[in-house]
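The next block holds one structure in the form of structure tokens; read it before the comments.
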Amino acid sequence: MIFENDVEAADSLAQGYQKLKSEIAKVVVGQDDVVRLVLTSIFCQGHSLLVGVPGLAKTLLVHTISTSLDLQFKRIQFTPDLMPSDIVGAETMDKERNFQFVKGPIFANIILADEINRTPPKTQAALLESMQEYAVTIAGVTYPLPRPFFVLATQNPIEQEGTYPLPEAQLDRFMFNIQLDYPTYRQEVDIVKNTTGDIEQRVSKVISGEEIVAFQHLVRRVPIADNVVEYAVKLSQSTRPGKSGSAIATELLEWGAGPRASQYLVLGAKCNALLNGKYSPDMEDVQAVAKPVLRHRIVRNFRAEADGVTVDEVIERLMK
């Protein structure tokens, strides 16, 4: 789709977002903030880490979003015996004894990496190049991934046995760490009603892959005031213990977020403004994405853990 100008494109994105929410709500009850953040990361060309207990419809949410966005969706179940070739693909020999590359499930638009921390680091690392470079290299040959490309990884916070914590380099490649919570009583009643009947809700396709790529470029062209950029950078730097950080960080944190956090704060603020019908972000838009951007990039020290201070509480103190 070709827009006459960026204002028309921005209005189209805001309208498309409202339609997306309506379509997704047919299948997924509640989780409005989760839907907003997942769509924000897609329009920012980022990836998300989804953390929640089993049964909160993480897989259903991703599948529903991919359907409404008219994108190809593939799910990879991460297990201890999963090999890198099971993700990216491998070279095989055909009947004529010639090698040919058989593509793995990574060659899709939306990848659900289910329980990513259940596979060893070697297999986790197979996602690194694809998430950063949007390509896969096999036997010296580089194969580009389809665009748009988005990885949504899930983790279970309560099952620690048999898991392999994600290394910092892998965590930093996720734009957001999105926390799912239990539904409210009324929401759970609606969920039970919708899922125990014989009527299947169908989701309409709202935005095409071509439009998503256009919107991803639009987000980067959104003008932003210098003071908002400076606020995002100061917020990121305030998480670093020591000279450049704040007294809160020195007191409660082992280490803080790097420059990539500042980049994602600005990009997320730009997209959040567009989704809410604004043409330029303000500090409130930065704050709207601060927790999911920062919560997996900062580490509490022993004092914070002993006092029961959560990561989100630290971020709230820093924003004040």
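We label chains A, B, ... in the order they appear in the structure tokens, count residues from 1 in each chain, and number ligands from 1 in the order shown.
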Those of segment 177-236 of chain A in DSSP helix (DSSP H, G or I), formatted as a ChimeraX atom specification: /A:185-195,209-221,226-236
Shell around Tyr164 of chain A at 10 Å using only C-alpha atoms, local window under 4 positions removed, as a list of chain:residue names: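 With the cut-off at 10 Å, the set is A:Pro80, A:Ile116, A:Asn117, A:Arg118, A:Thr119, A:Pro120, A:Pro121, A:Gln124, A:Gln160.
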Please produce a file of those selected residues containing N, CA and C atoms, as a short mmCIF file (atom, residue, chain, number, x, y, z; two decimals), in the first residue's frame.
data_model
loop_
_atom_site.label_atom_id
_atom_site.label_comp_id
_atom_site.auth_asym_id
_atom_site.auth_seq_id
_atom_site.Cartn_x
_atom_site.Cartn_y
_atom_site.Cartn_z
N PRO A 80 15.22 -30.24 25.49
CA PRO A 80 16.66 -30.45 25.74
C PRO A 80 17.41 -31.11 24.57
N ILE A 116 11.70 -21.39 25.47
CA ILE A 116 13.05 -21.25 24.90
C ILE A 116 14.14 -21.64 25.89
N ASN A 117 13.86 -21.52 27.19
CA ASN A 117 14.89 -21.83 28.17
C ASN A 117 14.96 -23.32 28.51
N ARG A 118 14.29 -24.16 27.75
CA ARG A 118 14.38 -25.60 27.97
C ARG A 118 15.41 -26.27 27.05
N THR A 119 16.07 -25.51 26.21
CA THR A 119 17.06 -26.07 25.29
C THR A 119 18.44 -25.55 25.64
N PRO A 120 19.51 -26.31 25.37
CA PRO A 120 20.87 -25.88 25.73
C PRO A 120 21.30 -24.61 25.01
N PRO A 121 22.31 -23.91 25.53
CA PRO A 121 22.77 -22.65 24.94
C PRO A 121 23.17 -22.77 23.47
N GLN A 124 20.05 -22.40 21.61
CA GLN A 124 19.55 -21.03 21.78
C GLN A 124 20.30 -20.06 20.88
N GLN A 160 11.69 -24.37 37.22
CA GLN A 160 13.12 -24.10 37.08
C GLN A 160 13.92 -25.34 36.77
#
Residue nearest Asp70 of chain A - candidates A:Val102, A:Ile207, A:Val314, A:Leu294, atoms counted: only C-alpha atoms: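 Ranked by minimum distance to Asp70 of chain A, first place goes to A:Ile207.
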All strand (DSSP E or B) residues (DSSP, backbone) inside segment 84-157 of chain A, as number ranges by chain: A: 89-93, 99-103, 110-114, 135-138, 141-144, 150-155
Distance criterion (only C-alpha atoms): nearest to Asp33 of chain A out of A:Gln179, A:Gln72, A:Thr92, A:Gln287: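 Of all the options, A:Gln179 lies closest to Asp33 of chain A.
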Near-segment 133-142 of chain A list (10 Å; only C-alpha atoms; drop same-chain fewer than 5 positions) as a PyMOL selection string: chain A and resi 85+88-91+101+103+106-107+126-128+147-150
Given only C-alpha atoms as the counted atoms, nearest of A:Glu211, A:Glu251, A:Asp86, A:Glu129 to Asn301 of chain A: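 Among the listed residues, A:Glu251 lies closest to Asn301 of chain A.
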Polymer residues at most 9 Å from Ile65 of chain A, only C-alpha atoms, same-chain spacing of 5 or more positions, as a list of chain:residue names: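 Counting only the stated atoms, we get A:Leu20, A:Glu23, A:Ile24, A:Val35, A:Val38, A:Leu39, A:Leu60, A:Asp70, A:Leu71.
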Take the residues from that selection and put them in a file with N, CA and C atoms, as an mmCIF file, in the first residue's frame.
data_model
loop_
_atom_site.group_PDB
_atom_site.id
_atom_site.type_symbol
_atom_site.label_atom_id
_atom_site.label_comp_id
_atom_site.auth_asym_id
_atom_site.auth_seq_id
_atom_site.Cartn_x
_atom_site.Cartn_y
_atom_site.Cartn_z
ATOM 1 N N LEU A 20 -7.306 -4.275 14.693
ATOM 2 C CA LEU A 20 -6.579 -5.448 15.176
ATOM 3 C C LEU A 20 -7.036 -5.830 16.577
ATOM 4 N N GLU A 23 -10.395 -7.572 16.399
ATOM 5 C CA GLU A 23 -10.324 -8.928 15.867
ATOM 6 C C GLU A 23 -9.695 -9.879 16.881
ATOM 7 N N ILE A 24 -8.616 -9.448 17.511
ATOM 8 C CA ILE A 24 -7.926 -10.307 18.483
ATOM 9 C C ILE A 24 -8.816 -10.576 19.688
ATOM 10 N N VAL A 35 -1.236 -7.422 24.223
ATOM 11 C CA VAL A 35 -1.486 -7.256 22.786
ATOM 12 C C VAL A 35 -0.835 -5.975 22.273
ATOM 13 N N VAL A 38 3.019 -6.494 22.132
ATOM 14 C CA VAL A 38 3.429 -7.401 21.060
ATOM 15 C C VAL A 38 3.329 -6.699 19.708
ATOM 16 N N LEU A 39 2.225 -5.992 19.475
ATOM 17 C CA LEU A 39 2.065 -5.275 18.210
ATOM 18 C C LEU A 39 3.079 -4.136 18.099
ATOM 19 N N LEU A 60 -1.982 -19.253 21.768
ATOM 20 C CA LEU A 60 -3.190 -18.783 21.090
ATOM 21 C C LEU A 60 -3.075 -17.316 20.722
ATOM 22 N N ASP A 70 -2.119 -11.464 8.689
ATOM 23 C CA ASP A 70 -1.920 -12.174 7.415
ATOM 24 C C ASP A 70 -0.454 -12.554 7.227
ATOM 25 N N LEU A 71 0.118 -13.181 8.259
ATOM 26 C CA LEU A 71 1.517 -13.587 8.234
ATOM 27 C C LEU A 71 1.639 -15.098 8.425
#
Straight-line distance linking atom CA of Ile315 of chain A with atom CA of Asp285 of chain A, stated in Å to one decimal: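 One can read the atom CA of Ile315 of chain A to atom CA of Asp285 of chain A distance as 15.0 Å.
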Taking 5 positions as the minimum chain separation for residues in the same chain, which residues sit within 6 Å of segment 234-248 of chain A when counting only C-alpha atoms? Answer as an mmCIF file with N, CA and C atoms, in the first residue's frame.
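Result written to around.cif:
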data_model
loop_
_atom_site.group_PDB
_atom_site.id
_atom_site.type_symbol
_atom_site.label_atom_id
_atom_site.label_comp_id
_atom_site.auth_asym_id
_atom_site.auth_seq_id
_atom_site.Cartn_x
_atom_site.Cartn_y
_atom_site.Cartn_z
ATOM 1 N N TRP A 255 23.968 -4.610 37.890
ATOM 2 C CA TRP A 255 24.342 -3.874 36.674
ATOM 3 C C TRP A 255 23.082 -3.420 35.959
ATOM 4 N N GLY A 256 23.263 -2.464 35.024
ATOM 5 C CA GLY A 256 22.118 -1.838 34.381
ATOM 6 C C GLY A 256 22.054 -2.080 32.893
ATOM 7 N N SER A 262 18.239 2.314 25.395
ATOM 8 C CA SER A 262 17.878 3.683 25.000
ATOM 9 C C SER A 262 17.250 3.696 23.612
#
Nearest residue to Ala261 of chain A from the set A:Leu166, A:Ala9, A:Leu275, A:Met175 (distances using only C-alpha atoms):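 Ranking A:Leu166, A:Ala9, A:Leu275, A:Met175 by distance to Ala261 of chain A, first place goes to A:Met175.
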Quick one: contact table of segment 85-190 of chain A to segment 195-205 of chain A, 12 Å max, nearest atom pair and distance in Å to one decimal per residue, counting only C-alpha atoms, chain and number order, as CSV?
residue,atom,partner,partner_atom,distance
A:Glu188,CA,A:Thr195,CA,10.5
A:Val189,CA,A:Thr195,CA,10.1
A:Asp190,CA,A:Thr195,CA,8.6
Coordinates-based distance that separates atom CA of Val206 of chain A from atom CA of Tyr17 of chain A (Å, one decimal): 8.9 Å
Shortest interatomic distance to Glu115 of chain A - which of A:Leu61, A:Asp94, A:Met131, A:Phe78, counting only C-alpha atoms: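 Closest candidate: A:Phe78.
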Nearest to Leu171 of chain A by atom-to-atom distance, counting only C-alpha atoms, from A:Gly258, A:Gly209, A:Gly104, A:Gly16: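 Checking each candidate against Leu171 of chain A, we get A:Gly258 as the closest.
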Pairwise distance for atom CA of Ala288 of chain A and atom CA of Lys270 of chain A, rounded to one decimal in Å: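 These two atoms are separated by 10.8 Å.
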For Val311 of chain A, work out the shell of residues within 9 Å, counting only C-alpha atoms and skipping chain neighbours fewer than 4 positions away, then give it as a CSV table (one decimal) with N, CA and C atoms, in the first residue's frame.
chain,number,residue,atom,x,y,z
A,291,LYS,N,9.0,-0.4,31.4
A,291,LYS,CA,9.1,-1.7,32.1
A,291,LYS,C,9.5,-2.8,31.2
A,294,LEU,N,13.2,-2.5,30.0
A,294,LEU,CA,14.3,-2.5,31.0
A,294,LEU,C,14.3,-3.7,31.9
A,295,ARG,N,13.2,-4.4,32.1
A,295,ARG,CA,13.1,-5.4,33.2
A,295,ARG,C,14.0,-6.6,32.9
A,296,HIS,N,14.4,-6.9,31.7
A,296,HIS,CA,15.3,-8.0,31.4
A,296,HIS,C,16.7,-7.5,31.2
A,298,ILE,N,18.3,-5.3,33.5
A,298,ILE,CA,18.9,-4.9,34.8
A,298,ILE,C,18.8,-6.1,35.7
A,299,VAL,N,19.8,-6.1,36.6
A,299,VAL,CA,19.9,-7.3,37.6
A,299,VAL,C,20.0,-6.7,39.0
A,300,ARG,N,19.1,-7.2,39.8
A,300,ARG,CA,19.1,-6.7,41.2
A,300,ARG,C,20.3,-7.3,42.0
A,304,ALA,N,18.7,-5.9,47.2
A,304,ALA,CA,17.3,-5.7,46.7
A,304,ALA,C,16.5,-7.1,46.8
A,315,ILE,N,12.2,0.0,38.6
A,315,ILE,CA,12.0,0.8,37.4
A,315,ILE,C,11.0,2.0,37.7
A,316,GLU,N,10.0,1.7,38.5
A,316,GLU,CA,9.1,2.7,39.0
A,316,GLU,C,9.8,3.8,39.7
Test item: residues at most 6 Å from Val151 of chain A, only C-alpha atoms, excluding those fewer than 5 positions along its chain, as a PyMOL selection string: chain A and resi 47+110-111
With N, CA and C atoms kept, could you save the residues just selected as a compact mmCIF listing (two decimals), in the first residue's frame?
# COMPACT_ATOMS: atom_id res chain seq x y z
N HIS A 47 11.74 -8.03 18.72
CA HIS A 47 11.32 -9.35 19.18
C HIS A 47 10.91 -9.24 20.65
N ILE A 110 6.36 -15.03 11.60
CA ILE A 110 6.27 -15.00 13.06
C ILE A 110 6.68 -16.37 13.60
N ILE A 111 7.69 -16.38 14.46
CA ILE A 111 8.19 -17.61 15.06
C ILE A 111 7.83 -17.60 16.55
